[in-house]
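Report on one structure; see the data block that follows.
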Amino acid sequence: MKEKLPKTPGPIGVFDSGYGGLTILGNIRLALPDYDYIYLGDNARTPYGTRSFEIVYEFTLQAVNKLFEIGCHLVILACNTASAKALRTIQINDLPVIDPERRVLGVIRPTVECIGHITRSRHVGVLATSGTIKSESYPMEIRKLFPDIEVHGQACPMWVPLVENNEAHGLGTDYFVQKDLDNLLYKDRKIDTIILGCTHYPLLLNKIKRFAPEGITIVSQGEYVAESLKDYLHRHPEMDEKCAKNGITRYYTTESEDKFRESASIFLNEKIIAQHIAVE
Ligand code: DGL
C-alpha cells in the first residue's frame with residue numbers, strides 16, 4: 001500500500017460523516033490559514049451517529065484510505081462518532097500496515113484536554129450522538145487525564161436532523177434542546193461544564209446557552225481542536241514538512257455536488273463547490 005501512496009507534500013485531510021465537520025474546518029483554517037486542506041464529507045452514508053461500531057469503522061477506514069490516496073499525510077477525523085468508534089483501531093491496527101509515517105488524529109482528546117482547567121465542581125456533562133455516548137469515549141478519555149472528574153452523558157438524537165433541516169433557529173428546536181439539557185442535568189446537579197461532543201451542536205449554541213442554568217460553561221470543541229493541531233504540527237516538524245502550504249481548500253462529497261452546495265452553507269458561511277468522489 002505504502003509504495004503506491006503519493007510522497008510529495010499534500011493537504012491536511014479533514015473527514016466527517018457529512019457537513020458538520022465544516023464547523024471544525026472553519027476553526028482549523030482560522031488557526032492555520034496557510035495550509036492546504038481537503039474536506040471529505042461522506043454525505044451519501046450520513047448519519048454515523050446511529051450506526052454500529054463495525055460500520056462506522058469500515059466507512060471511516062475507507063475515507064482515510066481515500067484521503068491518503070489523494071495526497072494527505074495527516075487526516076483529522078472531525079466527526080466525534082468516527083473519533084469515538086474508529087480512531088483507535090485505525091491508529092493501532094491499520095496505520096502500521098497502510099503507512100506507519102501517516103497520521104490520523106481525532107477530536108475527542110483535544111476537547112477533553114481543556115476540561116481540567118475549566119470545571120471547578122469537577123462534574124462534567126457531555127452532549128453527543130447516541131453512538132458517541134454509547135462508546136463511552138468521553139468518560140474514558142476524561143478519566144485517563146483527570147481521574148477526579150465525574151462525567152455524565154446525554155444522547156441528543158434529534159439535534160443533528162434538526163440542524164441539517166435548517167431548524168437551528170426554529171421554535172420546535174427549543175423543545176428538544178431544553179428536554180435533553182434537562183435530562184443531562186437531572187443526572188447530576190453539580191455539573192458546571194458541558195462539552196458539545198458533536199460537530200453540529202455549535203450551531204445550536206445560542207439556544208443551549210439560553211436553556212442552560214447560569215454559571216454553566218458550554219465547551220464548543222472547534223477552537224480546542226484547532227489549537228491542538230497547531231501545537232501538534234509545531235511539535236512534529238517532520239509532519240509539518242509534509243503539509244502543503246498554499247492556503248487552498250478543496251471539498252469532496254460522496255453525495256451529489258448540487259446537494260452539498262445547497263446544504264454546506266448552513267455550516268460554513270461561504271459558497272462551497274464540492275466534487276463528487278466515490279469512497280468504498
Ligand atoms: N459528525 C457527527 C458527530 O460529530 C454527527 C453527524 C452524524 O451522526 O453522522 O458525531
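Residues are named by chain letter and number: chains run A, B, ... in the order of the C-alpha cells, numbers start at 1 in each chain, and ligands are numbered from 1 in the order shown.
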Hey, which bits of stretch 154-273 of chain A sit within 6 Å of stretch 27-45 of chain A, and for each residue what's the closest pair of atoms and how far apart in Å (one decimal), counting only C-alpha atoms, rows by chain and increasing number, as JSON lines?
{"residue": "A:Gly222", "atom": "CA", "partner": "A:Asn27", "partner_atom": "CA", "distance": 5.5}
{"residue": "A:Glu223", "atom": "CA", "partner": "A:Asn27", "partner_atom": "CA", "distance": 5.6}
{"residue": "A:Ala226", "atom": "CA", "partner": "A:Ile28", "partner_atom": "CA", "distance": 4.5}
{"residue": "A:Ala244", "atom": "CA", "partner": "A:Asp36", "partner_atom": "CA", "distance": 5.6}
{"residue": "A:Lys245", "atom": "CA", "partner": "A:Tyr35", "partner_atom": "CA", "distance": 4.1}
{"residue": "A:Asn246", "atom": "CA", "partner": "A:Asp36", "partner_atom": "CA", "distance": 5.8}
{"residue": "A:Gly247", "atom": "CA", "partner": "A:Asp34", "partner_atom": "CA", "distance": 4.4}
{"residue": "A:Ile248", "atom": "CA", "partner": "A:Asp36", "partner_atom": "CA", "distance": 4.7}
{"residue": "A:Thr249", "atom": "CA", "partner": "A:Tyr37", "partner_atom": "CA", "distance": 4.6}
{"residue": "A:Arg250", "atom": "CA", "partner": "A:Ile38", "partner_atom": "CA", "distance": 4.8}
{"residue": "A:Tyr251", "atom": "CA", "partner": "A:Tyr39", "partner_atom": "CA", "distance": 4.7}
{"residue": "A:Tyr252", "atom": "CA", "partner": "A:Leu40", "partner_atom": "CA", "distance": 4.8}
{"residue": "A:Thr253", "atom": "CA", "partner": "A:Gly41", "partner_atom": "CA", "distance": 4.8}
{"residue": "A:Thr254", "atom": "CA", "partner": "A:Asp42", "partner_atom": "CA", "distance": 5.1}
{"residue": "A:Glu255", "atom": "CA", "partner": "A:Ala44", "partner_atom": "CA", "distance": 4.6}
Residue list (helix (DSSP H, G or I), DSSP) for stretch 10-45 of chain A, as number ranges by chain: A: 21-31
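Counting only C-alpha atoms and all ligand atoms and comparing A:Lys259, A:His200, A:Arg109, A:Lys7, the residue that lies closest to ligand 1 is A:His200.
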Contacts with ligand 1 at most 7 Å, only C-alpha atoms and all ligand atoms counted, listed as a ChimeraX atom specification: /A:16-18,20-21,46-50,78-82,128-129,132,160,197-200
9 Å contact set for A:Glu54, only C-alpha atoms, chain neighbours under 4 positions out, as a list of chain:residue names: A:Glu58, A:Phe59, A:Lys85, A:Ala86
Emit the selected residues as a short mmCIF file (atom, residue, chain, number, x, y, z; two decimals), in the first residue's frame, including C-alpha atoms.
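part-v1.cif, written as the output of this step:
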data_model
loop_
_atom_site.label_atom_id
_atom_site.label_comp_id
_atom_site.auth_asym_id
_atom_site.auth_seq_id
_atom_site.Cartn_x
_atom_site.Cartn_y
_atom_site.Cartn_z
CA GLU A 58 -15.41 0.33 7.97
CA PHE A 59 -16.68 3.63 6.46
CA LYS A 85 -15.66 4.32 17.23
CA ALA A 86 -12.87 4.06 14.66
#
